[in-house]
$ cat work_23.txt   # compact mmCIF, C-alpha atoms and all ligand atoms
# COMPACT_ATOMS: atom_id res chain seq x y z
CA ILE A 235 -10.13 27.99 46.51
CA VAL A 236 -13.55 27.65 47.98
CA GLU A 237 -15.47 30.33 46.28
CA LYS A 238 -19.00 29.86 47.44
CA ALA A 239 -20.79 31.04 50.58
CA GLY A 240 -19.25 31.57 53.97
CA SER A 241 -17.78 34.71 55.39
CA TYR A 242 -14.78 34.55 53.12
CA ALA A 243 -14.29 34.41 49.41
CA CYS A 244 -11.73 33.02 47.06
CA GLU A 245 -10.32 36.49 46.52
CA ASP A 246 -9.69 36.89 50.25
CA VAL A 247 -7.80 33.64 50.41
CA PHE A 248 -5.70 34.74 47.47
CA SER A 249 -4.92 38.13 48.89
CA ALA A 250 -3.84 36.51 52.15
CA ILE A 251 -1.40 34.43 50.13
CA LEU A 252 -0.23 37.45 48.18
CA ARG A 253 0.72 39.20 51.40
CA LEU A 254 3.05 36.33 52.24
CA LEU A 255 4.92 36.37 49.03
CA ASP A 256 7.71 38.65 50.16
CA ASN A 257 9.44 35.57 51.33
CA ARG A 258 10.17 33.52 48.28
CA GLU A 259 11.78 30.64 50.08
CA VAL A 260 8.54 28.84 50.72
CA GLY A 261 6.43 27.95 47.75
CA ILE A 262 2.71 27.40 48.20
CA LEU A 263 0.75 24.78 46.32
CA LEU A 264 -3.00 25.21 45.93
CA VAL A 265 -4.95 22.08 45.17
CA GLY A 266 -8.58 22.23 44.18
CA GLU A 267 -10.97 21.69 41.35
CA LYS A 268 -12.10 25.25 41.08
CA SER A 269 -10.07 25.72 37.98
CA ALA A 270 -11.44 29.17 37.15
CA ALA A 271 -10.32 30.45 40.52
CA CYS A 272 -6.96 28.71 40.23
CA SER A 273 -6.25 30.07 36.82
CA ARG A 274 -7.25 33.56 37.90
CA LEU A 275 -4.71 33.26 40.66
CA ALA A 276 -2.12 31.91 38.26
CA ILE A 277 -2.67 34.86 35.94
CA ARG A 278 -2.42 37.30 38.80
CA LEU A 279 0.78 35.75 40.05
CA GLY A 280 2.29 34.90 36.72
CA HIS A 281 3.53 38.43 36.25
CA GLN A 282 5.31 38.41 39.55
CA MET A 283 7.20 35.15 39.33
CA HIS A 284 6.10 33.99 42.73
CA PRO A 285 6.63 30.38 43.73
CA ILE A 286 2.95 29.57 43.71
CA ALA A 287 1.60 26.56 41.93
CA THR A 288 -1.92 25.30 41.39
CA ALA A 289 -3.12 21.80 40.73
CA GLU A 290 -6.57 20.46 40.00
CA SER A 291 -5.93 16.79 40.63
CA ALA A 292 -3.90 14.62 42.98
CA SER A 293 -1.55 13.50 40.22
CA GLU A 294 -0.94 17.08 39.17
CA ALA A 295 -0.24 17.99 42.79
CA MET A 296 2.27 15.15 43.14
CA ALA A 297 3.99 16.23 39.94
CA HIS A 298 4.43 19.75 41.36
CA LEU A 299 5.72 18.43 44.68
CA ASP A 300 8.23 16.20 42.92
CA ALA A 301 9.43 18.93 40.61
CA ASP A 302 9.61 21.91 42.94
CA ALA A 303 11.47 21.49 46.22
CA ARG A 304 10.59 25.07 47.22
CA ILE A 305 7.00 24.11 47.98
CA GLY A 306 6.67 24.14 51.77
CA VAL A 307 2.94 24.65 52.27
CA MET A 308 0.01 23.06 50.53
CA VAL A 309 -3.56 24.33 50.74
CA LEU A 310 -5.89 21.51 49.84
CA ASP A 311 -9.60 21.81 49.12
CA LEU A 312 -10.79 18.63 50.81
CA ALA A 313 -13.77 18.50 48.46
CA HIS A 314 -11.46 18.27 45.44
CA SER A 315 -11.94 14.52 45.30
CA GLU A 316 -14.52 11.95 46.33
CA ASP A 317 -12.35 10.65 49.16
CA GLY A 318 -11.84 14.08 50.71
CA GLY A 319 -8.18 14.16 49.67
CA ALA A 320 -7.31 11.04 51.70
CA ALA A 321 -5.45 9.27 48.91
CA LEU A 322 -3.37 12.34 48.09
CA LEU A 323 -2.57 12.99 51.75
CA GLY A 324 -1.57 9.35 52.23
CA GLN A 325 0.64 9.42 49.16
CA ILE A 326 2.35 12.60 50.36
CA ARG A 327 3.00 11.37 53.88
CA GLU A 328 4.51 8.14 52.56
CA ARG A 329 7.37 10.06 51.01
CA SER A 330 10.24 10.82 53.31
CA LYS A 331 10.95 14.10 51.55
CA LEU A 332 7.38 15.32 52.03
CA GLN A 333 7.09 14.53 55.74
CA THR A 334 7.66 18.16 56.62
CA LEU A 335 5.29 19.67 54.05
CA ARG A 336 2.74 21.79 55.91
CA ILE A 337 -0.75 20.91 54.78
CA ILE A 338 -3.84 23.01 55.40
CA GLY A 339 -7.13 21.38 54.47
CA LEU A 340 -10.09 23.57 53.55
CA GLY A 341 -13.43 22.08 54.50
CA ALA A 342 -16.92 23.17 53.58
CA ALA A 343 -19.38 24.05 56.34
CA GLY A 344 -21.00 21.05 57.95
CA THR A 345 -18.33 18.56 56.94
CA LYS A 346 -16.76 17.88 60.30
CA ASP A 347 -16.31 14.19 59.48
CA GLN A 348 -14.39 15.08 56.38
CA ALA A 349 -12.23 17.48 58.40
CA ILE A 350 -11.36 14.78 60.90
CA ALA A 351 -10.65 12.30 58.11
CA GLY A 352 -8.32 14.92 56.59
CA LEU A 353 -6.43 15.28 59.85
CA LYS A 354 -6.14 11.50 60.18
CA ALA A 355 -4.85 11.22 56.63
CA GLY A 356 -2.05 13.71 57.30
CA ALA A 357 -3.26 17.32 57.12
CA ASP A 358 -1.66 19.52 59.78
CA GLU A 359 -4.90 21.35 60.25
CA VAL A 360 -8.25 21.80 58.62
CA ILE A 361 -9.98 25.15 58.39
CA VAL A 362 -13.72 24.75 58.12
CA GLU A 363 -16.10 27.35 56.77
CA PRO A 364 -17.02 29.90 57.82
CA PHE A 365 -13.72 31.63 58.46
CA THR A 366 -12.60 35.18 57.93
CA PRO A 367 -9.75 36.29 55.70
CA GLU A 368 -7.90 37.40 58.83
CA GLU A 369 -8.20 33.97 60.36
CA PHE A 370 -7.01 32.30 57.20
CA ASP A 371 -4.17 34.81 56.93
CA LEU A 372 -3.01 34.10 60.49
CA ARG A 373 -3.16 30.36 60.07
CA LEU A 374 -1.42 30.33 56.72
CA ASN A 375 1.24 32.67 58.04
CA ARG A 376 1.99 30.35 60.89
CA HIS A 377 2.47 27.40 58.54
CA VAL A 378 4.72 29.40 56.26
CA ARG A 379 6.84 30.40 59.27
CA THR A 380 7.03 26.80 60.43
CA ALA A 381 8.05 25.71 56.94
CA GLN A 382 10.80 28.34 56.95
CA GLN A 383 12.05 27.22 60.34
CA THR A 384 12.01 23.57 59.32
CA ARG A 385 13.95 24.41 56.20
CA CYS A 386 16.43 26.43 58.22
CA LEU A 387 17.01 23.55 60.64
CA ARG A 388 17.29 21.08 57.80
CA ASP A 389 19.93 23.25 56.12
CA LEU A 390 21.87 23.49 59.37
CA ALA A 391 21.79 19.71 59.64
CA GLU A 392 22.73 18.83 56.09
CA ARG A 393 24.77 21.72 54.74
CA ASP A 394 28.42 22.57 55.21
CA PHE A 395 28.75 25.96 56.87
CA LEU A 396 31.79 27.20 54.93
CA THR A 397 30.78 26.28 51.40
CA GLY A 398 27.02 25.75 51.52
CA LEU A 399 27.47 22.34 49.87
CA TYR A 400 25.86 19.28 51.39
CA ASN A 401 27.89 17.93 54.30
CA ARG A 402 29.24 14.48 55.04
CA ARG A 403 26.15 13.53 57.05
CA HIS A 404 23.82 14.21 54.14
CA PHE A 405 26.12 12.46 51.69
CA PHE A 406 26.00 9.30 53.79
CA ASP A 407 22.22 9.61 54.20
CA GLU A 408 21.28 10.40 50.64
CA GLY A 409 24.05 8.39 48.91
CA PRO A 410 22.80 4.92 49.91
CA ARG A 411 19.21 6.01 49.13
CA ARG A 412 20.25 6.93 45.61
CA VAL A 413 22.21 3.70 45.26
CA ALA A 414 19.17 1.66 46.27
CA ALA A 415 16.90 3.57 43.87
CA ALA A 416 19.39 3.19 41.01
CA HIS A 417 19.62 -0.56 41.58
CA ALA A 418 15.85 -0.91 41.76
CA ALA A 419 15.38 0.89 38.44
CA VAL A 420 14.80 -1.15 35.28
CA PRO A 421 17.30 -1.21 33.75
CA PRO A 422 19.56 -0.34 36.71
CA ILE A 423 21.18 3.07 36.55
CA PRO A 424 25.00 2.99 36.63
CA LEU A 425 26.63 4.92 39.46
CA ALA A 426 30.16 5.93 40.30
CA LEU A 427 31.73 7.57 43.30
CA ALA A 428 34.41 10.22 42.97
CA LEU A 429 36.61 11.43 45.82
CA ILE A 430 38.05 14.80 44.94
CA ASP A 431 40.96 16.18 47.00
CA LEU A 432 42.76 19.47 46.52
CA ASP A 433 46.47 19.14 45.81
CA HIS A 434 49.00 20.63 48.22
CA PHE A 435 46.33 22.70 49.87
CA LYS A 436 48.38 23.01 53.03
CA ARG A 437 51.00 24.92 51.06
CA LEU A 438 48.36 27.37 49.88
CA ASN A 439 47.25 27.96 53.46
CA ASP A 440 50.86 28.32 54.59
CA SER A 441 51.68 30.82 51.85
CA TYR A 442 48.53 32.94 51.80
CA GLY A 443 46.78 32.33 55.09
CA HIS A 444 43.75 30.41 56.24
CA ASP A 445 41.23 33.06 55.18
CA LEU A 446 42.39 32.90 51.61
CA GLY A 447 42.29 29.11 51.88
CA ASP A 448 38.66 29.41 52.91
CA GLN A 449 37.93 31.67 49.99
CA VAL A 450 39.48 29.13 47.61
CA LEU A 451 37.46 26.31 49.19
CA ARG A 452 34.27 28.26 48.58
CA GLU A 453 35.16 28.84 44.96
CA VAL A 454 36.13 25.20 44.47
CA ALA A 455 32.79 24.17 45.99
CA SER A 456 30.90 26.52 43.73
CA ARG A 457 32.62 25.09 40.64
CA LEU A 458 31.96 21.51 41.73
CA LYS A 459 28.33 22.35 42.40
CA GLN A 460 28.00 23.77 38.92
CA GLN A 461 29.71 20.75 37.39
CA ALA A 462 27.50 18.34 39.32
CA GLY A 463 24.34 20.15 38.26
CA THR A 464 21.11 18.59 39.47
CA THR A 465 22.05 15.09 38.32
CA HIS A 466 24.97 14.29 40.59
CA LEU A 467 25.20 14.55 44.37
CA VAL A 468 28.15 16.59 45.61
CA ALA A 469 29.24 17.18 49.20
CA ARG A 470 32.16 18.45 51.24
CA LEU A 471 33.27 15.38 53.13
CA GLY A 472 35.94 17.06 55.21
CA GLY A 473 38.73 19.69 55.06
CA GLU A 474 39.66 19.96 51.39
CA GLU A 475 38.01 16.77 50.26
CA PHE A 476 34.78 16.46 48.30
CA GLY A 477 32.61 13.53 47.28
CA MET A 478 30.54 13.22 44.14
CA LEU A 479 28.04 10.46 43.46
CA LEU A 480 27.71 10.31 39.68
CA SER A 481 24.35 9.06 38.40
CA GLY A 482 23.70 7.53 35.01
CA LEU A 483 27.34 7.34 33.93
CA PRO A 484 29.05 4.01 33.24
CA LEU A 485 32.64 4.01 34.50
CA GLN A 486 34.21 5.16 31.23
CA GLU A 487 31.84 8.13 30.97
CA ALA A 488 32.34 8.91 34.63
CA ARG A 489 36.05 8.93 33.95
CA THR A 490 35.62 11.41 31.10
CA PHE A 491 33.47 13.58 33.38
CA CYS A 492 36.12 13.54 36.13
CA ASP A 493 38.94 14.16 33.66
CA ALA A 494 37.09 17.29 32.61
CA ILE A 495 36.82 18.43 36.24
CA CYS A 496 40.52 17.82 36.78
CA GLN A 497 41.44 19.64 33.61
CA SER A 498 39.23 22.64 34.33
CA PHE A 499 40.93 23.17 37.69
CA ALA A 500 44.37 22.87 36.09
CA GLU A 501 43.47 25.30 33.31
CA ILE A 502 41.29 27.91 34.98
CA PRO A 503 42.91 29.70 37.91
CA ILE A 504 40.83 30.89 40.83
CA ALA A 505 40.62 34.66 41.21
CA THR A 506 41.50 35.73 44.76
CA GLU A 507 42.58 38.93 46.45
CA CYS A 508 46.15 37.56 46.21
CA GLY A 509 45.83 37.19 42.46
CA ALA A 510 44.90 34.29 40.24
CA LEU A 511 45.85 30.97 41.85
CA THR A 512 45.86 27.62 40.14
CA VAL A 513 44.56 24.88 42.40
CA THR A 514 44.63 21.35 41.03
CA VAL A 515 42.64 18.36 42.22
CA SER A 516 43.27 14.62 42.34
CA ILE A 517 40.36 12.22 41.95
CA GLY A 518 39.83 8.61 42.94
CA LEU A 519 36.90 7.15 41.01
CA ALA A 520 35.17 3.86 41.80
CA LYS A 521 32.21 2.15 40.17
CA ILE A 522 29.38 1.38 42.55
CA ASP A 523 28.25 -2.21 42.31
CA GLY A 524 26.30 -3.24 45.36
CA VAL A 525 23.37 -1.78 47.22
CA ALA A 526 24.86 -2.10 50.67
CA MET A 527 28.34 -1.11 49.59
CA PHE A 528 28.42 2.63 49.97
CA ASP A 529 31.20 2.60 52.58
CA ARG A 530 33.17 -0.02 50.73
CA ASN A 531 32.97 1.94 47.50
CA LEU A 532 34.13 5.04 49.29
CA ASN A 533 37.14 3.12 50.58
CA ALA A 534 37.87 1.93 47.07
CA ALA A 535 37.72 5.52 45.80
CA ASP A 536 40.00 6.55 48.66
CA ARG A 537 42.62 3.97 47.70
CA LEU A 538 42.50 5.16 44.10
CA LEU A 539 42.83 8.76 45.27
CA TYR A 540 45.95 7.74 47.19
CA ILE A 541 47.41 6.33 43.98
CA ALA A 542 46.54 9.53 42.11
CA LYS A 543 48.45 11.53 44.72
CA HIS A 544 51.48 9.25 44.46
CA GLN A 545 51.51 9.31 40.70
CA GLY A 546 51.94 13.07 40.63
CA ARG A 547 48.48 14.59 41.48
CA SER A 548 46.12 16.53 39.15
CA GLN A 549 44.80 13.31 37.66
CA VAL A 550 41.99 10.76 37.85
CA ILE A 551 42.61 7.13 38.81
CA CYS A 552 39.84 4.58 38.42
P1 LIG B 1 47.73 16.50 49.22
O1 LIG B 1 48.00 16.96 47.82
O2 LIG B 1 48.52 15.29 49.57
O3 LIG B 1 46.30 16.29 49.47
O4 LIG B 1 48.28 17.64 50.17
P2 LIG B 1 47.41 18.62 51.06
O5 LIG B 1 48.32 19.67 51.59
O6 LIG B 1 46.23 19.10 50.31
O7 LIG B 1 46.88 17.63 52.15
P3 LIG B 1 47.03 17.64 53.73
O8 LIG B 1 46.10 16.55 54.18
O9 LIG B 1 48.43 17.53 54.11
O10 LIG B 1 46.52 19.03 54.17
C1 LIG B 1 45.19 19.43 54.02
C2 LIG B 1 45.12 20.86 54.43
O11 LIG B 1 43.83 21.38 54.26
C3 LIG B 1 45.49 21.06 55.88
C4 LIG B 1 44.50 22.04 56.40
O12 LIG B 1 45.10 23.17 56.90
C5 LIG B 1 43.69 22.43 55.17
N1 LIG B 1 42.30 22.61 55.51
C6 LIG B 1 41.40 21.69 55.91
N2 LIG B 1 40.21 22.26 56.15
C7 LIG B 1 40.34 23.58 55.89
C8 LIG B 1 39.45 24.70 55.97
O13 LIG B 1 38.27 24.61 56.31
N3 LIG B 1 39.95 25.91 55.62
C9 LIG B 1 41.24 26.06 55.22
N4 LIG B 1 41.66 27.29 54.89
N5 LIG B 1 42.10 25.03 55.17
C10 LIG B 1 41.65 23.81 55.48
MG MG B 2 45.95 14.65 52.61
MG MG B 3 44.76 17.63 49.76
MG MG B 4 42.63 15.69 52.07
$ encode --input "work_23.txt" --output "structure tokens"
Amino acid sequence: IVEKAGSYACEDVFSAILRLLDNREVGILLVGEKSAACSRLAIRLGHQMHPIATAESASEAMAHLDADARIGVMVLDLAHSEDGGAALLGQIRERSKLQTLRIIGLGAAGTKDQAIAGLKAGADEVIVEPFTPEEFDLRLNRHVRTAQQTRCLRDLAERDFLTGLYNRRHFFDEGPRRVAAAHAAVPPIPLALALIDLDHFKRLNDSYGHDLGDQVLREVASRLKQQAGTTHLVARLGGEEFGMLLSGLPLQEARTFCDAICQSFAEIPIATECGALTVTVSIGLAKIDGVAMFDRNLNAADRLLYIAKHQGRSQVIC
């Protein structure tokens, strides 16, 4: 990003980044005003579909960070703004989701004060000119590795091992956050909570074995994930029970959405090594109507699920 004097050049910084791109898990965001350099990089990388993004301003940087969860490391030219990036760093560190973003500040020679201000504002480290490409390479590499490890630990904490869906812990963390945000929105965003339980799953295990049961659970999870898309939050809450927090759907539309889920399971069998098996689901669906009511709404959905089971399964009760 910093193209002028010093014992390194923009090109060296870029080639250090290029060497890291084998691992596509961690996206890198470059923030600086040297637009010519940034666009040259973009052109070079554009052909290769690497998760690299460039931004010239703080607002552009925030937009990238909001839109692309793969970004794990940010390289920030501290001279990109009058305040040495302090406002951007502060804004980033305020967001819970961006607490673990690794931030490397780049400082011009003779700007030690700015470097310290950058560290105070939230940069993990500041590299001050002059530095060699090798040094930059080593430092960047370390941050990318840390970002990978953090991501790995986060996945272990919030994902379900069998299906890869979010787990119960994450559902109960993220659910109330989404409820609060939806209530704070103007106008408020309607939410509904669906509890989805496989019908007679024990029989399937008893007839075909636990391994096949696992295989079916993975396929069910994959379908639910696809149905939830990026709008709705889906998690495996336990055994053969899944939760879905539906955003932006009033109860009647949520009902239609859940009916479609129910119907698709009844109509489309799951391909397994023991042949095509039809697995139906029952759904209890409750409207969410209070910020601090996540647990209570889940209980309501659970009671409705119980009714769905007693009324013959493969149906939605709301
Ligand atoms: P219902 O329609 O009333 O929900 O009947 P069900 O048989 O699905 O419900 P029940 O609660 O009686 O049994 C749930 C079964 O789910 C029992 C258990 O063996 C199975 N199960 C739970 N977790 C797993 C898992 O991780 N893998 C497999 N293969 N089976 C699981
Ligand atoms: Mg049960
Ligand atoms: Mg069941
Ligand atoms: Mg169950």
$ closest_atom_pairs --input "work_23.txt" --of "chain A" --to "ligand MG 3 (chain B)" --cutoff "7 Å" --atoms "only C-alpha atoms and all ligand atoms" --output "tab-separated table"
residue	atom	partner	partner_atom	distance
A:Asp431	CA	B:MG3	MG	4.9
A:Leu432	CA	B:MG3	MG	4.2
A:Asp433	CA	B:MG3	MG	4.6
A:His434	CA	B:MG3	MG	5.4
A:Phe435	CA	B:MG3	MG	5.3
A:Glu474	CA	B:MG3	MG	5.8
A:Glu475	CA	B:MG3	MG	6.8
$ atom_distance --input "work_23.txt" --atom1 "atom CA of A:Phe405" --atom2 "atom CA of A:Phe528"
10.2 Å
$ closest_residue --input "work_23.txt" --among "A:Ser291, A:Ser330, A:Ser516, A:Gln460" --to "ligand MG 4 (chain B)" --atoms "all atoms listed in the file"
A:Ser516
$ residues_near_point --input "work_23.txt" --point "(7.6, 22.6, 52.5)" --cutoff "8 Å" --atoms "only C-alpha atoms" --output "list in words"
Val260, Gly261, Ala303, Arg304, Ile305, Gly306, Val307, Met308, Leu332, Thr334, Leu335, Arg336, Ala381, Gln382 and Arg385 of chain A
$ axis_aligned_box --input "work_23.txt" --around "stretch 419-434 of chain A" --padding-each-side "4 Å" --output "JSON"
{"center_x": 31.9, "center_y": 9.7, "center_z": 41.0, "size_x": 42.2, "size_y": 29.8, "size_z": 22.5}
$ closest_residue --input "work_23.txt" --among "A:Ala301, A:Leu399, A:Ala535, A:Leu263" --to "A:Ile286" --atoms "all atoms listed in the file"
A:Leu263
$ residues_near_point --input "work_23.txt" --point "(46.1, 7.7, 40.7)" --cutoff "10 Å" --atoms "only C-alpha atoms" --output "list in words"
Ser516, Ile517, Gly518, Leu519, Arg537, Leu538, Leu539, Tyr540, Ile541, Ala542, Lys543, His544, Gln545, Gly546, Arg547, Ser548, Gln549, Val550, Ile551 and Cys552 of chain A
$ residues_around --input "work_23.txt" --residues "A:Pro410" --least-positions-apart "2" --cutoff "12 Å" --atoms "only C-alpha atoms" --output "list in words"
Arg403, His404, Phe405, Phe406, Asp407, Glu408, Arg412, Val413, Ala414, Ala415, Ala416, His417, Leu425, Leu427, Leu467, Leu479, Ile522, Asp523, Gly524, Val525, Ala526, Met527, Phe528, Asp529, Arg530, Asn531 and Leu532 of chain A
$ write_last_selection --input "work_23.txt" --atoms "C-alpha atoms" --output "PDB file, keeping the file's coordinate frame"
ATOM      1  CA  ARG A 403      26.150  13.530  57.050  1.00  0.00           C
ATOM      2  CA  HIS A 404      23.820  14.210  54.140  1.00  0.00           C
ATOM      3  CA  PHE A 405      26.120  12.460  51.690  1.00  0.00           C
ATOM      4  CA  PHE A 406      26.000   9.300  53.790  1.00  0.00           C
ATOM      5  CA  ASP A 407      22.220   9.610  54.200  1.00  0.00           C
ATOM      6  CA  GLU A 408      21.280  10.400  50.640  1.00  0.00           C
ATOM      7  CA  ARG A 412      20.250   6.930  45.610  1.00  0.00           C
ATOM      8  CA  VAL A 413      22.210   3.700  45.260  1.00  0.00           C
ATOM      9  CA  ALA A 414      19.170   1.660  46.270  1.00  0.00           C
ATOM     10  CA  ALA A 415      16.900   3.570  43.870  1.00  0.00           C
ATOM     11  CA  ALA A 416      19.390   3.190  41.010  1.00  0.00           C
ATOM     12  CA  HIS A 417      19.620  -0.560  41.580  1.00  0.00           C
ATOM     13  CA  LEU A 425      26.630   4.920  39.460  1.00  0.00           C
ATOM     14  CA  LEU A 427      31.730   7.570  43.300  1.00  0.00           C
ATOM     15  CA  LEU A 467      25.200  14.550  44.370  1.00  0.00           C
ATOM     16  CA  LEU A 479      28.040  10.460  43.460  1.00  0.00           C
ATOM     17  CA  ILE A 522      29.380   1.380  42.550  1.00  0.00           C
ATOM     18  CA  ASP A 523      28.250  -2.210  42.310  1.00  0.00           C
ATOM     19  CA  GLY A 524      26.300  -3.240  45.360  1.00  0.00           C
ATOM     20  CA  VAL A 525      23.370  -1.780  47.220  1.00  0.00           C
ATOM     21  CA  ALA A 526      24.860  -2.100  50.670  1.00  0.00           C
ATOM     22  CA  MET A 527      28.340  -1.110  49.590  1.00  0.00           C
ATOM     23  CA  PHE A 528      28.420   2.630  49.970  1.00  0.00           C
ATOM     24  CA  ASP A 529      31.200   2.600  52.580  1.00  0.00           C
ATOM     25  CA  ARG A 530      33.170  -0.020  50.730  1.00  0.00           C
ATOM     26  CA  ASN A 531      32.970   1.940  47.500  1.00  0.00           C
ATOM     27  CA  LEU A 532      34.130   5.040  49.290  1.00  0.00           C
TER      28      LEU A 532
END
$ atom_distance --input "work_23.txt" --atom1 "atom CA of A:Asn439" --atom2 "atom O9 of ligand LIG 1 (chain B)"
10.5 Å
$ atom_distance --input "work_23.txt" --atom1 "atom CA of A:Val362" --atom2 "atom CA of A:Leu374"
13.6 Å
$ closest_residue --input "work_23.txt" --among "A:Lys354, A:Arg373, A:His444, A:Lys346" --to "A:Ala320" --atoms "all atoms listed in the file"
A:Lys354
$ residues_around --input "work_23.txt" --residues "A:Ala351" --least-positions-apart "5" --cutoff "12 Å" --atoms "only C-alpha atoms" --output "ChimeraX atom specification"
/A:312-313,317-321,323-324,339,341,345-346,356-360
$ write_last_selection --input "work_23.txt" --atoms "C-alpha atoms" --output "PDB file, keeping the file's coordinate frame"
ATOM      1  CA  LEU A 312     -10.790  18.630  50.810  1.00  0.00           C
ATOM      2  CA  ALA A 313     -13.770  18.500  48.460  1.00  0.00           C
ATOM      3  CA  ASP A 317     -12.350  10.650  49.160  1.00  0.00           C
ATOM      4  CA  GLY A 318     -11.840  14.080  50.710  1.00  0.00           C
ATOM      5  CA  GLY A 319      -8.180  14.160  49.670  1.00  0.00           C
ATOM      6  CA  ALA A 320      -7.310  11.040  51.700  1.00  0.00           C
ATOM      7  CA  ALA A 321      -5.450   9.270  48.910  1.00  0.00           C
ATOM      8  CA  LEU A 323      -2.570  12.990  51.750  1.00  0.00           C
ATOM      9  CA  GLY A 324      -1.570   9.350  52.230  1.00  0.00           C
ATOM     10  CA  GLY A 339      -7.130  21.380  54.470  1.00  0.00           C
ATOM     11  CA  GLY A 341     -13.430  22.080  54.500  1.00  0.00           C
ATOM     12  CA  THR A 345     -18.330  18.560  56.940  1.00  0.00           C
ATOM     13  CA  LYS A 346     -16.760  17.880  60.300  1.00  0.00           C
ATOM     14  CA  GLY A 356      -2.050  13.710  57.300  1.00  0.00           C
ATOM     15  CA  ALA A 357      -3.260  17.320  57.120  1.00  0.00           C
ATOM     16  CA  ASP A 358      -1.660  19.520  59.780  1.00  0.00           C
ATOM     17  CA  GLU A 359      -4.900  21.350  60.250  1.00  0.00           C
ATOM     18  CA  VAL A 360      -8.250  21.800  58.620  1.00  0.00           C
TER      19      VAL A 360
END
$ closest_residue --input "work_23.txt" --among "A:Leu471, A:Ile350, A:Ala428, A:Ala355" --to "ligand MG 4 (chain B)" --atoms "all atoms listed in the file"
A:Leu471
$ closest_residue --input "work_23.txt" --among "A:Arg489, A:Arg437, A:His314, A:Arg376" --to "A:Leu340" --atoms "only C-alpha atoms"
A:His314
$ build_atoms --input "work_23.txt" --residues "stretch 474-489 of chain A" --atoms "N, CA and C atoms" --output "PDB file, keeping the file's coordinate frame"
ATOM      1  N   GLU A 474      39.566  19.545  52.808  1.00  0.00           N
ATOM      2  CA  GLU A 474      39.660  19.960  51.390  1.00  0.00           C
ATOM      3  C   GLU A 474      39.355  18.763  50.510  1.00  0.00           C
ATOM      4  N   GLU A 475      38.385  17.981  50.972  1.00  0.00           N
ATOM      5  CA  GLU A 475      38.010  16.770  50.260  1.00  0.00           C
ATOM      6  C   GLU A 475      36.500  16.767  49.974  1.00  0.00           C
ATOM      7  N   PHE A 476      36.173  16.428  48.738  1.00  0.00           N
ATOM      8  CA  PHE A 476      34.780  16.460  48.300  1.00  0.00           C
ATOM      9  C   PHE A 476      34.383  15.101  47.724  1.00  0.00           C
ATOM     10  N   GLY A 477      33.111  14.773  47.853  1.00  0.00           N
ATOM     11  CA  GLY A 477      32.610  13.530  47.280  1.00  0.00           C
ATOM     12  C   GLY A 477      31.567  13.831  46.232  1.00  0.00           C
ATOM     13  N   MET A 478      31.574  13.042  45.156  1.00  0.00           N
ATOM     14  CA  MET A 478      30.540  13.220  44.140  1.00  0.00           C
ATOM     15  C   MET A 478      30.002  11.843  43.754  1.00  0.00           C
ATOM     16  N   LEU A 479      28.695  11.693  43.886  1.00  0.00           N
ATOM     17  CA  LEU A 479      28.040  10.460  43.460  1.00  0.00           C
ATOM     18  C   LEU A 479      27.486  10.726  42.067  1.00  0.00           C
ATOM     19  N   LEU A 480      28.071  10.051  41.072  1.00  0.00           N
ATOM     20  CA  LEU A 480      27.710  10.310  39.680  1.00  0.00           C
ATOM     21  C   LEU A 480      26.626   9.337  39.235  1.00  0.00           C
ATOM     22  N   SER A 481      25.505   9.891  38.788  1.00  0.00           N
ATOM     23  CA  SER A 481      24.350   9.060  38.400  1.00  0.00           C
ATOM     24  C   SER A 481      24.242   8.949  36.891  1.00  0.00           C
ATOM     25  N   GLY A 482      24.001   7.746  36.435  1.00  0.00           N
ATOM     26  CA  GLY A 482      23.700   7.530  35.010  1.00  0.00           C
ATOM     27  C   GLY A 482      24.936   7.469  34.133  1.00  0.00           C
ATOM     28  N   LEU A 483      26.119   7.413  34.737  1.00  0.00           N
ATOM     29  CA  LEU A 483      27.340   7.340  33.930  1.00  0.00           C
ATOM     30  C   LEU A 483      28.059   6.012  34.165  1.00  0.00           C
ATOM     31  N   PRO A 484      28.198   5.192  33.109  1.00  0.00           N
ATOM     32  CA  PRO A 484      29.050   4.010  33.240  1.00  0.00           C
ATOM     33  C   PRO A 484      30.488   4.480  33.514  1.00  0.00           C
ATOM     34  N   LEU A 485      31.319   3.584  34.013  1.00  0.00           N
ATOM     35  CA  LEU A 485      32.640   4.010  34.500  1.00  0.00           C
ATOM     36  C   LEU A 485      33.445   4.836  33.485  1.00  0.00           C
ATOM     37  N   GLN A 486      33.409   4.424  32.225  1.00  0.00           N
ATOM     38  CA  GLN A 486      34.210   5.160  31.230  1.00  0.00           C
ATOM     39  C   GLN A 486      33.718   6.602  31.079  1.00  0.00           C
ATOM     40  N   GLU A 487      32.387   6.767  31.086  1.00  0.00           N
ATOM     41  CA  GLU A 487      31.840   8.130  30.970  1.00  0.00           C
ATOM     42  C   GLU A 487      32.091   8.931  32.241  1.00  0.00           C
ATOM     43  N   ALA A 488      32.038   8.237  33.366  1.00  0.00           N
ATOM     44  CA  ALA A 488      32.340   8.910  34.630  1.00  0.00           C
ATOM     45  C   ALA A 488      33.790   9.389  34.618  1.00  0.00           C
ATOM     46  N   ARG A 489      34.630   8.579  34.040  1.00  0.00           N
ATOM     47  CA  ARG A 489      36.050   8.930  33.950  1.00  0.00           C
ATOM     48  C   ARG A 489      36.224  10.197  33.099  1.00  0.00           C
TER      49      ARG A 489
END
